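Read through the structure below, which is laid out as structure tokens, and then see the notes.
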Amino acid sequence: MVQVIFLGPPGSGKGTQAARVSELFQVPHISTGDILRTHVAQQTDLGQKAKAFMDRGDLVPDGLILDMVLDRLHQPDAQKGWILDGFPRNVAQATFIEQVVLQQKAENASDNANDKSLNTINLEVPDQVLIERLLARGRADDCEQTIRHRLQVYHEQTEPLIQFYRDRNQLSIVNGNLSVDQVTAELKKAIVAA
Ligand code: AMP
């Protein structure tokens with residue numbers, strides 16, 4: 001079972017790499033940002049509530065995110081593993097997914113007692129490179145002011161998860177400031193070794 005969490009700041013290449021790793025290991029790529037953007041485009045109730053937070057570069061409140069993630073994880077294709085991209089983004093979300101994984105493990109204990117499957121990968125890229133990459137990407141929430149705010153939110157709320165996963169022995173660090181192919185090769189090594 002492959003269960004991988006991609007940490008890493010906006011612009012670190014999480015989305016691109018998560019898609020590639022998902023293909024390699026044949027498990028779904030679950031991007032909370034993509035799911036939210038679909039809700040916004042379809043003007044669902046959730047999309048309408050989430051939009052203002054996304055436009056500002058703030059995190060969408062956990063009360064809106066957690067059910068959305070749980071729903072996705074309960075779908076049949078996610079039963080054999082997943083690559084999470086953009087979730088968790090704060091300690092409350094990390095605690096939530098930890099409980100979900102532990103519960104799943106307890107339910108499947110007789111199947112595979114030694115399965116040490118959860119692996120968190122931090123893609124490291126310097127801030128200056130991130131800003132250049134994000135400005136070049138040109139997504140709706142990619143203007144310079146919002147980019148700087150998203151980086152600030154990342155440093156304040158998401159970066160503490162590096163220590164959270166280090167404490168649990170579930171952290172690998174991969175240099176995200178290499179070519180796309182080189183990063184994928186490093187990720188593959190990290191996931192297989194975990
Ligand atoms: P991303 O595509 O991962 O950069 O996400 C785009 C935006 O969606 C973020 O700036 C947040 O506003 C929102 N978002 C995505 N994932 C989460 C999450 N796990 N928790 C809260 N907000 C999120």
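Labels for the structure tokens follow display order: chains A, B, ..., residues from 1 in each chain, ligands from 1.
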Residues near segment 69-81 of chain A, anyone? I mean within 12 Å using only C-alpha atoms, not counting same-chain ones fewer than 2 positions away, as an mmCIF file with all heavy atoms, in the first residue's frame.
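The resulting file, around_19.cif, is reproduced below:
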```
data_model
loop_
_atom_site.group_PDB
_atom_site.id
_atom_site.type_symbol
_atom_site.label_atom_id
_atom_site.label_comp_id
_atom_site.auth_asym_id
_atom_site.auth_seq_id
_atom_site.Cartn_x
_atom_site.Cartn_y
_atom_site.Cartn_z
ATOM 1 N N MET A 1 0.850 -1.205 0.000
ATOM 2 C CA MET A 1 0.000 0.000 0.000
ATOM 3 C C MET A 1 0.880 1.247 0.000
ATOM 4 O O MET A 1 1.766 1.384 0.825
ATOM 5 C CB MET A 1 -0.879 -0.009 1.258
ATOM 6 C CG MET A 1 -1.582 1.288 1.523
ATOM 7 S SD MET A 1 -3.311 1.249 1.125
ATOM 8 C CE MET A 1 -4.006 0.619 2.647
ATOM 9 N N VAL A 2 0.632 2.131 -0.931
ATOM 10 C CA VAL A 2 1.400 3.371 -1.010
ATOM 11 C C VAL A 2 0.518 4.518 -0.526
ATOM 12 O O VAL A 2 -0.519 4.804 -1.107
ATOM 13 C CB VAL A 2 1.847 3.639 -2.461
ATOM 14 C CG1 VAL A 2 2.557 4.982 -2.564
ATOM 15 C CG2 VAL A 2 2.750 2.525 -2.953
ATOM 16 N N GLN A 3 0.909 5.130 0.573
ATOM 17 C CA GLN A 3 0.199 6.315 1.064
ATOM 18 C C GLN A 3 1.240 7.406 1.243
ATOM 19 O O GLN A 3 2.056 7.343 2.154
ATOM 20 C CB GLN A 3 -0.501 6.011 2.384
ATOM 21 C CG GLN A 3 -1.660 5.033 2.214
ATOM 22 C CD GLN A 3 -2.304 4.655 3.533
ATOM 23 O OE1 GLN A 3 -1.621 4.476 4.539
ATOM 24 N NE2 GLN A 3 -3.612 4.512 3.529
ATOM 25 N N VAL A 4 1.217 8.373 0.345
ATOM 26 C CA VAL A 4 2.248 9.404 0.360
ATOM 27 C C VAL A 4 1.609 10.769 0.540
ATOM 28 O O VAL A 4 0.625 11.099 -0.122
ATOM 29 C CB VAL A 4 3.069 9.401 -0.949
ATOM 30 C CG1 VAL A 4 4.111 10.513 -0.938
ATOM 31 C CG2 VAL A 4 3.751 8.059 -1.156
ATOM 32 N N ILE A 5 2.182 11.547 1.435
ATOM 33 C CA ILE A 5 1.773 12.941 1.618
ATOM 34 C C ILE A 5 2.879 13.829 1.070
ATOM 35 O O ILE A 5 4.044 13.657 1.439
ATOM 36 C CB ILE A 5 1.554 13.242 3.114
ATOM 37 C CG1 ILE A 5 0.310 12.511 3.615
ATOM 38 C CG2 ILE A 5 1.461 14.747 3.364
ATOM 39 C CD1 ILE A 5 0.105 12.596 5.113
ATOM 40 N N VAL A 21 4.153 10.560 -9.711
ATOM 41 C CA VAL A 21 4.315 9.465 -8.751
ATOM 42 C C VAL A 21 3.038 8.609 -8.712
ATOM 43 O O VAL A 21 3.093 7.382 -8.582
ATOM 44 C CB VAL A 21 4.657 10.051 -7.360
ATOM 45 C CG1 VAL A 21 4.568 9.004 -6.276
ATOM 46 C CG2 VAL A 21 6.053 10.667 -7.382
ATOM 47 N N SER A 22 1.906 9.276 -8.884
ATOM 48 C CA SER A 22 0.626 8.565 -8.915
ATOM 49 C C SER A 22 0.601 7.572 -10.085
ATOM 50 O O SER A 22 0.165 6.424 -9.958
ATOM 51 C CB SER A 22 -0.499 9.601 -9.014
ATOM 52 O OG SER A 22 -1.554 9.175 -9.812
ATOM 53 N N PHE A 25 3.083 4.575 -9.335
ATOM 54 C CA PHE A 25 2.661 3.599 -8.328
ATOM 55 C C PHE A 25 1.201 3.182 -8.494
ATOM 56 O O PHE A 25 0.690 2.400 -7.703
ATOM 57 C CB PHE A 25 2.913 4.135 -6.914
ATOM 58 C CG PHE A 25 4.376 4.224 -6.571
ATOM 59 C CD1 PHE A 25 5.096 5.382 -6.787
ATOM 60 C CD2 PHE A 25 5.045 3.120 -6.057
ATOM 61 C CE1 PHE A 25 6.447 5.463 -6.488
ATOM 62 C CE2 PHE A 25 6.399 3.176 -5.750
ATOM 63 C CZ PHE A 25 7.104 4.355 -5.970
ATOM 64 N N GLN A 26 0.540 3.745 -9.534
ATOM 65 C CA GLN A 26 -0.837 3.348 -9.844
ATOM 66 C C GLN A 26 -1.804 3.532 -8.665
ATOM 67 O O GLN A 26 -2.568 2.631 -8.323
ATOM 68 C CB GLN A 26 -0.858 1.874 -10.317
ATOM 69 C CG GLN A 26 -0.206 1.704 -11.676
ATOM 70 C CD GLN A 26 -1.031 2.373 -12.790
ATOM 71 O OE1 GLN A 26 -2.184 2.018 -12.991
ATOM 72 N NE2 GLN A 26 -0.468 3.368 -13.452
ATOM 73 N N VAL A 27 -1.691 4.693 -8.030
ATOM 74 C CA VAL A 27 -2.655 5.064 -6.986
ATOM 75 C C VAL A 27 -3.126 6.489 -7.290
ATOM 76 O O VAL A 27 -2.404 7.245 -7.933
ATOM 77 C CB VAL A 27 -2.051 4.988 -5.557
ATOM 78 C CG1 VAL A 27 -1.811 3.545 -5.140
ATOM 79 C CG2 VAL A 27 -0.767 5.798 -5.453
ATOM 80 N N PRO A 28 -4.338 6.847 -6.863
ATOM 81 C CA PRO A 28 -4.861 8.161 -7.257
ATOM 82 C C PRO A 28 -4.093 9.342 -6.667
ATOM 83 O O PRO A 28 -3.593 9.272 -5.544
ATOM 84 C CB PRO A 28 -6.308 8.143 -6.753
ATOM 85 C CG PRO A 28 -6.392 7.047 -5.774
ATOM 86 C CD PRO A 28 -5.323 6.060 -6.097
ATOM 87 N N HIS A 29 -4.018 10.395 -7.459
ATOM 88 C CA HIS A 29 -3.436 11.673 -7.044
ATOM 89 C C HIS A 29 -4.575 12.523 -6.514
ATOM 90 O O HIS A 29 -5.475 12.883 -7.261
ATOM 91 C CB HIS A 29 -2.777 12.316 -8.274
ATOM 92 C CG HIS A 29 -2.386 13.751 -8.095
ATOM 93 N ND1 HIS A 29 -2.252 14.626 -9.150
ATOM 94 C CD2 HIS A 29 -2.105 14.471 -6.980
ATOM 95 C CE1 HIS A 29 -1.894 15.821 -8.704
ATOM 96 N NE2 HIS A 29 -1.803 15.758 -7.391
ATOM 97 N N ILE A 30 -4.550 12.819 -5.234
ATOM 98 C CA ILE A 30 -5.636 13.594 -4.629
ATOM 99 C C ILE A 30 -5.111 14.973 -4.262
ATOM 100 O O ILE A 30 -4.314 15.117 -3.331
ATOM 101 C CB ILE A 30 -6.198 12.858 -3.392
ATOM 102 C CG1 ILE A 30 -6.720 11.476 -3.823
ATOM 103 C CG2 ILE A 30 -7.287 13.688 -2.721
ATOM 104 C CD1 ILE A 30 -7.242 10.626 -2.682
ATOM 105 N N SER A 31 -5.532 15.974 -5.020
ATOM 106 C CA SER A 31 -5.098 17.347 -4.776
ATOM 107 C C SER A 31 -6.287 18.140 -4.245
ATOM 108 O O SER A 31 -7.286 18.324 -4.947
ATOM 109 C CB SER A 31 -4.596 17.959 -6.093
ATOM 110 O OG SER A 31 -4.747 19.371 -6.064
ATOM 111 N N THR A 32 -6.173 18.595 -2.993
ATOM 112 C CA THR A 32 -7.306 19.353 -2.429
ATOM 113 C C THR A 32 -7.498 20.668 -3.186
ATOM 114 O O THR A 32 -8.626 21.119 -3.369
ATOM 115 C CB THR A 32 -7.109 19.613 -0.918
ATOM 116 O OG1 THR A 32 -5.765 20.045 -0.684
ATOM 117 C CG2 THR A 32 -7.383 18.363 -0.110
ATOM 118 N N GLY A 33 -6.396 21.261 -3.680
ATOM 119 C CA GLY A 33 -6.522 22.490 -4.473
ATOM 120 C C GLY A 33 -7.342 22.229 -5.743
ATOM 121 O O GLY A 33 -8.221 23.014 -6.099
ATOM 122 N N ASP A 34 -7.052 21.114 -6.435
ATOM 123 C CA ASP A 34 -7.805 20.773 -7.659
ATOM 124 C C ASP A 34 -9.275 20.517 -7.341
ATOM 125 O O ASP A 34 -10.162 20.964 -8.075
ATOM 126 C CB ASP A 34 -7.220 19.513 -8.331
ATOM 127 C CG ASP A 34 -5.916 19.797 -9.070
ATOM 128 O OD1 ASP A 34 -5.571 20.989 -9.232
ATOM 129 O OD2 ASP A 34 -5.252 18.823 -9.482
ATOM 130 N N ILE A 35 -9.539 19.793 -6.265
ATOM 131 C CA ILE A 35 -10.933 19.497 -5.912
ATOM 132 C C ILE A 35 -11.662 20.810 -5.613
ATOM 133 O O ILE A 35 -12.780 21.043 -6.089
ATOM 134 C CB ILE A 35 -11.015 18.529 -4.698
ATOM 135 C CG1 ILE A 35 -10.332 17.202 -5.030
ATOM 136 C CG2 ILE A 35 -12.475 18.292 -4.295
ATOM 137 C CD1 ILE A 35 -10.220 16.245 -3.840
ATOM 138 N N LEU A 36 -10.983 21.692 -4.867
ATOM 139 C CA LEU A 36 -11.608 22.988 -4.544
ATOM 140 C C LEU A 36 -11.846 23.813 -5.800
ATOM 141 O O LEU A 36 -12.915 24.422 -5.957
ATOM 142 C CB LEU A 36 -10.726 23.764 -3.565
ATOM 143 C CG LEU A 36 -10.726 23.255 -2.119
ATOM 144 C CD1 LEU A 36 -9.579 23.887 -1.333
ATOM 145 C CD2 LEU A 36 -12.061 23.553 -1.439
ATOM 146 N N ASP A 62 -10.908 24.406 8.059
ATOM 147 C CA ASP A 62 -10.925 22.948 8.202
ATOM 148 C C ASP A 62 -12.341 22.382 8.135
ATOM 149 O O ASP A 62 -12.544 21.286 7.618
ATOM 150 C CB ASP A 62 -10.294 22.550 9.549
ATOM 151 C CG ASP A 62 -8.804 22.858 9.595
ATOM 152 O OD1 ASP A 62 -8.205 23.052 8.515
ATOM 153 O OD2 ASP A 62 -8.257 22.930 10.711
ATOM 154 N N GLY A 63 -13.295 23.121 8.670
ATOM 155 C CA GLY A 63 -14.689 22.659 8.672
ATOM 156 C C GLY A 63 -15.191 22.367 7.267
ATOM 157 O O GLY A 63 -16.099 21.546 7.090
ATOM 158 N N LEU A 64 -14.628 23.017 6.260
ATOM 159 C CA LEU A 64 -15.045 22.765 4.877
ATOM 160 C C LEU A 64 -14.183 21.677 4.232
ATOM 161 O O LEU A 64 -14.622 20.964 3.338
ATOM 162 C CB LEU A 64 -14.937 24.046 4.037
ATOM 163 C CG LEU A 64 -15.831 25.218 4.454
ATOM 164 C CD1 LEU A 64 -15.515 26.459 3.621
ATOM 165 C CD2 LEU A 64 -17.306 24.843 4.292
ATOM 166 N N ILE A 65 -12.930 21.571 4.693
ATOM 167 C CA ILE A 65 -11.958 20.699 4.012
ATOM 168 C C ILE A 65 -12.045 19.234 4.457
ATOM 169 O O ILE A 65 -11.939 18.320 3.643
ATOM 170 C CB ILE A 65 -10.516 21.201 4.308
ATOM 171 C CG1 ILE A 65 -10.305 22.596 3.712
ATOM 172 C CG2 ILE A 65 -9.463 20.240 3.814
ATOM 173 C CD1 ILE A 65 -10.106 22.604 2.229
ATOM 174 N N LEU A 66 -12.247 19.016 5.751
ATOM 175 C CA LEU A 66 -12.072 17.654 6.272
ATOM 176 C C LEU A 66 -13.090 16.676 5.684
ATOM 177 O O LEU A 66 -12.730 15.556 5.278
ATOM 178 C CB LEU A 66 -12.120 17.652 7.807
ATOM 179 C CG LEU A 66 -11.024 18.492 8.482
ATOM 180 C CD1 LEU A 66 -11.091 18.373 10.000
ATOM 181 C CD2 LEU A 66 -9.626 18.100 7.996
ATOM 182 N N ASP A 67 -14.356 17.071 5.594
ATOM 183 C CA ASP A 67 -15.374 16.182 5.015
ATOM 184 C C ASP A 67 -15.089 15.900 3.544
ATOM 185 O O ASP A 67 -15.303 14.793 3.060
ATOM 186 C CB ASP A 67 -16.771 16.815 5.117
ATOM 187 C CG ASP A 67 -17.383 16.553 6.482
ATOM 188 O OD1 ASP A 67 -16.811 15.749 7.238
ATOM 189 O OD2 ASP A 67 -18.427 17.169 6.782
ATOM 190 N N ILE A 83 -1.863 9.400 -3.233
ATOM 191 C CA ILE A 83 -0.849 10.445 -3.125
ATOM 192 C C ILE A 83 -1.606 11.713 -2.767
ATOM 193 O O ILE A 83 -2.424 12.194 -3.560
ATOM 194 C CB ILE A 83 -0.137 10.688 -4.478
ATOM 195 C CG1 ILE A 83 0.335 9.382 -5.122
ATOM 196 C CG2 ILE A 83 0.994 11.696 -4.307
ATOM 197 C CD1 ILE A 83 1.480 8.704 -4.458
ATOM 198 N N LEU A 84 -1.372 12.255 -1.597
ATOM 199 C CA LEU A 84 -2.057 13.481 -1.180
ATOM 200 C C LEU A 84 -1.187 14.692 -1.492
ATOM 201 O O LEU A 84 -0.020 14.753 -1.097
ATOM 202 C CB LEU A 84 -2.317 13.449 0.327
ATOM 203 C CG LEU A 84 -3.604 12.810 0.819
ATOM 204 C CD1 LEU A 84 -3.648 12.889 2.336
ATOM 205 C CD2 LEU A 84 -4.837 13.475 0.225
ATOM 206 N N ASP A 85 -1.777 15.641 -2.190
ATOM 207 C CA ASP A 85 -1.043 16.840 -2.626
ATOM 208 C C ASP A 85 -1.812 18.062 -2.136
ATOM 209 O O ASP A 85 -2.950 18.289 -2.543
ATOM 210 C CB ASP A 85 -0.930 16.770 -4.163
ATOM 211 C CG ASP A 85 -0.743 18.118 -4.843
ATOM 212 O OD1 ASP A 85 -0.304 19.067 -4.186
ATOM 213 O OD2 ASP A 85 -1.032 18.187 -6.056
ATOM 214 N N GLY A 86 -1.216 18.805 -1.210
ATOM 215 C CA GLY A 86 -1.888 20.006 -0.684
ATOM 216 C C GLY A 86 -2.696 19.745 0.573
ATOM 217 O O GLY A 86 -3.387 20.634 1.054
ATOM 218 N N PHE A 87 -2.613 18.555 1.089
ATOM 219 C CA PHE A 87 -3.275 18.181 2.345
ATOM 220 C C PHE A 87 -2.377 17.180 3.047
ATOM 221 O O PHE A 87 -1.932 16.237 2.389
ATOM 222 C CB PHE A 87 -4.646 17.553 2.072
ATOM 223 C CG PHE A 87 -5.407 17.247 3.338
ATOM 224 C CD1 PHE A 87 -6.322 18.154 3.844
ATOM 225 C CD2 PHE A 87 -5.187 16.064 4.025
ATOM 226 C CE1 PHE A 87 -7.016 17.882 5.021
ATOM 227 C CE2 PHE A 87 -5.859 15.796 5.209
ATOM 228 C CZ PHE A 87 -6.781 16.704 5.699
ATOM 229 N N PRO A 88 -2.124 17.315 4.343
ATOM 230 C CA PRO A 88 -2.569 18.355 5.269
ATOM 231 C C PRO A 88 -1.772 19.655 5.118
ATOM 232 O O PRO A 88 -0.627 19.654 4.682
ATOM 233 C CB PRO A 88 -2.316 17.716 6.640
ATOM 234 C CG PRO A 88 -1.156 16.793 6.420
ATOM 235 C CD PRO A 88 -1.302 16.288 5.018
ATOM 236 N N GLN A 93 -5.220 19.307 10.457
ATOM 237 C CA GLN A 93 -5.444 18.418 9.312
ATOM 238 C C GLN A 93 -4.526 17.196 9.385
ATOM 239 O O GLN A 93 -4.927 16.082 9.031
ATOM 240 C CB GLN A 93 -5.204 19.168 7.996
ATOM 241 C CG GLN A 93 -6.227 20.274 7.746
ATOM 242 C CD GLN A 93 -6.015 20.988 6.415
ATOM 243 O OE1 GLN A 93 -5.157 20.623 5.615
ATOM 244 N NE2 GLN A 93 -6.815 22.016 6.169
ATOM 245 N N ALA A 94 -3.285 17.404 9.856
ATOM 246 C CA ALA A 94 -2.344 16.284 9.976
ATOM 247 C C ALA A 94 -2.827 15.286 11.026
ATOM 248 O O ALA A 94 -2.739 14.070 10.837
ATOM 249 C CB ALA A 94 -0.950 16.804 10.329
ATOM 250 N N PHE A 96 -5.902 14.820 11.855
ATOM 251 C CA PHE A 96 -7.077 14.182 11.265
ATOM 252 C C PHE A 96 -6.668 13.015 10.358
ATOM 253 O O PHE A 96 -7.162 11.895 10.520
ATOM 254 C CB PHE A 96 -7.866 15.240 10.477
ATOM 255 C CG PHE A 96 -9.004 14.705 9.672
ATOM 256 C CD1 PHE A 96 -10.243 14.457 10.261
ATOM 257 C CD2 PHE A 96 -8.855 14.464 8.312
ATOM 258 C CE1 PHE A 96 -11.299 13.976 9.502
ATOM 259 C CE2 PHE A 96 -9.908 13.976 7.553
ATOM 260 C CZ PHE A 96 -11.138 13.732 8.154
ATOM 261 N N ILE A 97 -5.737 13.261 9.445
ATOM 262 C CA ILE A 97 -5.368 12.198 8.497
ATOM 263 C C ILE A 97 -4.644 11.067 9.225
ATOM 264 O O ILE A 97 -4.787 9.884 8.887
ATOM 265 C CB ILE A 97 -4.557 12.744 7.289
ATOM 266 C CG1 ILE A 97 -4.397 11.702 6.184
ATOM 267 C CG2 ILE A 97 -3.212 13.283 7.670
ATOM 268 C CD1 ILE A 97 -5.645 11.404 5.431
ATOM 269 N N GLN A 99 -5.395 9.998 12.191
ATOM 270 C CA GLN A 99 -6.458 9.174 12.763
ATOM 271 C C GLN A 99 -7.113 8.298 11.698
ATOM 272 O O GLN A 99 -7.416 7.129 11.941
ATOM 273 C CB GLN A 99 -7.538 10.056 13.432
ATOM 274 C CG GLN A 99 -7.066 10.769 14.690
ATOM 275 C CD GLN A 99 -6.422 9.823 15.688
ATOM 276 O OE1 GLN A 99 -6.961 8.760 15.994
ATOM 277 N NE2 GLN A 99 -5.243 10.181 16.184
ATOM 278 N N VAL A 100 -7.339 8.876 10.520
ATOM 279 C CA VAL A 100 -7.964 8.111 9.431
ATOM 280 C C VAL A 100 -7.083 6.912 9.065
ATOM 281 O O VAL A 100 -7.564 5.784 8.932
ATOM 282 C CB VAL A 100 -8.187 9.013 8.179
ATOM 283 C CG1 VAL A 100 -8.637 8.191 6.980
ATOM 284 C CG2 VAL A 100 -9.184 10.120 8.477
ATOM 285 N N VAL A 101 -5.776 7.156 8.944
ATOM 286 C CA VAL A 101 -4.855 6.083 8.562
ATOM 287 C C VAL A 101 -4.773 5.025 9.665
ATOM 288 O O VAL A 101 -4.785 3.821 9.391
ATOM 289 C CB VAL A 101 -3.453 6.663 8.239
ATOM 290 C CG1 VAL A 101 -2.420 5.571 8.079
ATOM 291 C CG2 VAL A 101 -3.527 7.501 6.973
ATOM 292 N N GLN A 104 -7.897 2.913 9.599
ATOM 293 C CA GLN A 104 -7.844 2.010 8.450
ATOM 294 C C GLN A 104 -6.932 0.827 8.751
ATOM 295 O O GLN A 104 -7.242 -0.318 8.448
ATOM 296 C CB GLN A 104 -7.244 2.792 7.288
ATOM 297 C CG GLN A 104 -7.990 2.691 5.998
ATOM 298 C CD GLN A 104 -7.305 3.578 4.964
ATOM 299 O OE1 GLN A 104 -6.109 3.876 5.047
ATOM 300 N NE2 GLN A 104 -8.065 4.014 3.991
ATOM 301 N N LYS A 105 -5.806 1.138 9.370
ATOM 302 C CA LYS A 105 -4.827 0.105 9.697
ATOM 303 C C LYS A 105 -5.422 -0.899 10.678
ATOM 304 O O LYS A 105 -5.239 -2.102 10.532
ATOM 305 C CB LYS A 105 -3.596 0.753 10.325
ATOM 306 C CG LYS A 105 -2.341 0.400 9.595
ATOM 307 C CD LYS A 105 -1.133 1.003 10.250
ATOM 308 C CE LYS A 105 -0.010 0.948 9.252
ATOM 309 N NZ LYS A 105 1.101 1.790 9.640
ATOM 310 N N ASN A 108 -7.681 -3.225 8.962
ATOM 311 C CA ASN A 108 -7.024 -4.187 8.067
ATOM 312 C C ASN A 108 -5.888 -4.928 8.753
ATOM 313 O O ASN A 108 -5.069 -5.538 8.087
ATOM 314 C CB ASN A 108 -6.458 -3.464 6.833
ATOM 315 C CG ASN A 108 -7.561 -2.787 6.059
ATOM 316 O OD1 ASN A 108 -8.682 -3.269 6.056
ATOM 317 N ND2 ASN A 108 -7.248 -1.678 5.433
ATOM 318 N N ASP A 115 2.613 -3.455 7.649
ATOM 319 C CA ASP A 115 2.582 -2.437 6.619
ATOM 320 C C ASP A 115 2.914 -1.053 7.199
ATOM 321 O O ASP A 115 2.129 -0.446 7.897
ATOM 322 C CB ASP A 115 1.180 -2.421 5.996
ATOM 323 C CG ASP A 115 1.137 -1.539 4.768
ATOM 324 O OD1 ASP A 115 2.199 -1.033 4.377
ATOM 325 O OD2 ASP A 115 0.042 -1.364 4.220
ATOM 326 N N SER A 117 3.161 2.090 5.869
ATOM 327 C CA SER A 117 2.945 2.613 4.528
ATOM 328 C C SER A 117 3.023 4.127 4.412
ATOM 329 O O SER A 117 3.422 4.637 3.384
ATOM 330 C CB SER A 117 1.597 2.144 4.012
ATOM 331 O OG SER A 117 0.608 2.457 4.956
ATOM 332 N N LEU A 118 2.655 4.853 5.464
ATOM 333 C CA LEU A 118 2.561 6.305 5.302
ATOM 334 C C LEU A 118 3.951 6.939 5.199
ATOM 335 O O LEU A 118 4.826 6.693 6.006
ATOM 336 C CB LEU A 118 1.801 6.934 6.474
ATOM 337 C CG LEU A 118 1.575 8.434 6.317
ATOM 338 C CD1 LEU A 118 0.571 8.723 5.219
ATOM 339 C CD2 LEU A 118 1.116 9.056 7.616
ATOM 340 N N ASN A 119 4.115 7.741 4.189
ATOM 341 C CA ASN A 119 5.395 8.379 3.955
ATOM 342 C C ASN A 119 5.129 9.831 3.567
ATOM 343 O O ASN A 119 4.317 10.099 2.685
ATOM 344 C CB ASN A 119 6.108 7.634 2.813
ATOM 345 C CG ASN A 119 7.498 8.151 2.576
ATOM 346 O OD1 ASN A 119 8.082 8.813 3.428
ATOM 347 N ND2 ASN A 119 8.027 7.858 1.412
#
```
Neighbours of segment 11-15 of chain A within 6 Å (only C-alpha atoms; same-chain residues fewer than 4 positions away dropped), as a PyMOL selection string?
-> chain A and resi 125+130+134
Straight-line distance linking atom CA of Ile191 of chain A with atom CA of Gln170 of chain A, stated in Å to one decimal |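 Going from atom CA of Ile191 of chain A over to atom CA of Gln170 of chain A covers 10.8 Å.
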Using DSSP on the backbone coordinates, identify all residues within segment 21-124 of chain A classified as strand (DSSP E); present the result as number ranges by chain.
-> A: 29-31, 81-85, 118-124
Near Asn175 of chain A, counting only C-alpha atoms, which residues have an atom at most 8 Å away, once you skip same-chain residues fewer than 4 positions from it, shown as a ChimeraX atom specification?
-> /A:123-125,183
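The shortest atom-to-atom distance to ligand 1, with only C-alpha atoms and all ligand atoms taken into account, belongs to A:Met54 out of A:Ala106, A:Met54, A:Leu161, A:Ala140.
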Quick one: residues within 10 Å of Asp181 of chain A, only C-alpha atoms counted, chain neighbours fewer than 5 positions away excluded, as an mmCIF file with N, CA and C atoms, in the first residue's frame?
```cif
data_model
loop_
_atom_site.group_PDB
_atom_site.id
_atom_site.type_symbol
_atom_site.label_atom_id
_atom_site.label_comp_id
_atom_site.auth_asym_id
_atom_site.auth_seq_id
_atom_site.Cartn_x
_atom_site.Cartn_y
_atom_site.Cartn_z
ATOM 1 N N GLN A 17 4.786 16.626 -9.563
ATOM 2 C CA GLN A 17 5.436 15.400 -9.093
ATOM 3 C C GLN A 17 4.416 14.401 -8.555
ATOM 4 N N ARG A 20 3.017 12.490 -11.390
ATOM 5 C CA ARG A 20 3.967 11.504 -11.931
ATOM 6 C C ARG A 20 4.092 10.285 -11.011
ATOM 7 N N GLU A 186 14.356 10.950 -7.613
ATOM 8 C CA GLU A 186 14.644 11.012 -6.165
ATOM 9 C C GLU A 186 13.415 10.593 -5.349
ATOM 10 N N LEU A 187 12.245 11.017 -5.812
ATOM 11 C CA LEU A 187 11.006 10.681 -5.099
ATOM 12 C C LEU A 187 10.762 9.174 -5.124
#
```
For Arg56 of chain A, which residue among A:Thr158, A:Gln43, A:Thr146, A:Asn90 is the nearest when counting only C-alpha atoms?
->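 The answer is A:Thr146, which sits nearest to Arg56 of chain A.
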Among segment 81-150 of chain A, which ones does DSSP place in helix (DSSP H, G or I), written as number ranges by chain?
-> A: 91-107, 127-137, 144-150
Okay, now the selection with C-alpha atoms, as a JSON list (two decimals), in the first residue's frame?
```
[["chain", "number", "residue", "atom", "x", "y", "z"],
["A", 91, "VAL", "CA", -1.53, 20.48, 12.44],
["A", 92, "ALA", "CA", -5.29, 19.91, 12.81],
["A", 93, "GLN", "CA", -5.44, 18.42, 9.31],
["A", 94, "ALA", "CA", -2.34, 16.28, 9.98],
["A", 95, "THR", "CA", -3.89, 14.94, 13.18],
["A", 96, "PHE", "CA", -7.08, 14.18, 11.27],
["A", 97, "ILE", "CA", -5.37, 12.20, 8.50],
["A", 98, "GLU", "CA", -3.27, 10.37, 11.08],
["A", 99, "GLN", "CA", -6.46, 9.17, 12.76],
["A", 100, "VAL", "CA", -7.96, 8.11, 9.43],
["A", 101, "VAL", "CA", -4.86, 6.08, 8.56],
["A", 102, "LEU", "CA", -4.65, 4.53, 12.04],
["A", 103, "GLN", "CA", -8.28, 3.51, 11.91],
["A", 104, "GLN", "CA", -7.84, 2.01, 8.45],
["A", 105, "LYS", "CA", -4.83, 0.10, 9.70],
["A", 106, "ALA", "CA", -6.75, -1.25, 12.67],
["A", 107, "GLU", "CA", -9.52, -2.44, 10.36],
["A", 127, "ASP", "CA", 11.61, 31.04, -1.56],
["A", 128, "GLN", "CA", 13.14, 33.12, -4.36],
["A", 129, "VAL", "CA", 12.86, 30.22, -6.83],
["A", 130, "LEU", "CA", 9.27, 29.61, -5.70],
["A", 131, "ILE", "CA", 8.26, 33.20, -6.36],
["A", 132, "GLU", "CA", 9.81, 33.11, -9.85],
["A", 133, "ARG", "CA", 8.07, 29.80, -10.67],
["A", 134, "LEU", "CA", 4.68, 30.97, -9.38],
["A", 135, "LEU", "CA", 4.82, 34.25, -11.27],
["A", 136, "ALA", "CA", 5.58, 32.29, -14.46],
["A", 137, "ARG", "CA", 2.61, 29.92, -13.85],
["A", 144, "GLU", "CA", 2.66, 38.66, -6.58],
["A", 145, "GLN", "CA", 0.82, 39.88, -3.49],
["A", 146, "THR", "CA", -1.20, 36.65, -3.16],
["A", 147, "ILE", "CA", 1.91, 34.57, -3.82],
["A", 148, "ARG", "CA", 3.75, 36.30, -0.96],
["A", 149, "HIS", "CA", 0.74, 35.77, 1.29],
["A", 150, "ARG", "CA", 0.50, 32.07, 0.34]]
```
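With only C-alpha atoms as the atoms that count, the residue of A:Trp82, A:Asp141, A:Gln157, A:Ile173 with the shortest distance to Asp55 of chain A is A:Asp141.
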Check the smallest atom-to-atom distance from each of A:Ala41, A:Ala52, A:Leu24, A:Ala18 to ligand 1 using only C-alpha atoms and all ligand atoms, then report the winner.
->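 Looking at the shortest contact to ligand 1, the residue is A:Ala52.
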Go through A:His39, A:Thr44, A:Arg89, A:Thr16 and flag the residue nearest ligand 1, using only C-alpha atoms and all ligand atoms for the distances.
->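 Once distances to ligand 1 are computed over only C-alpha atoms and all ligand atoms, the minimum belongs to A:Arg89.
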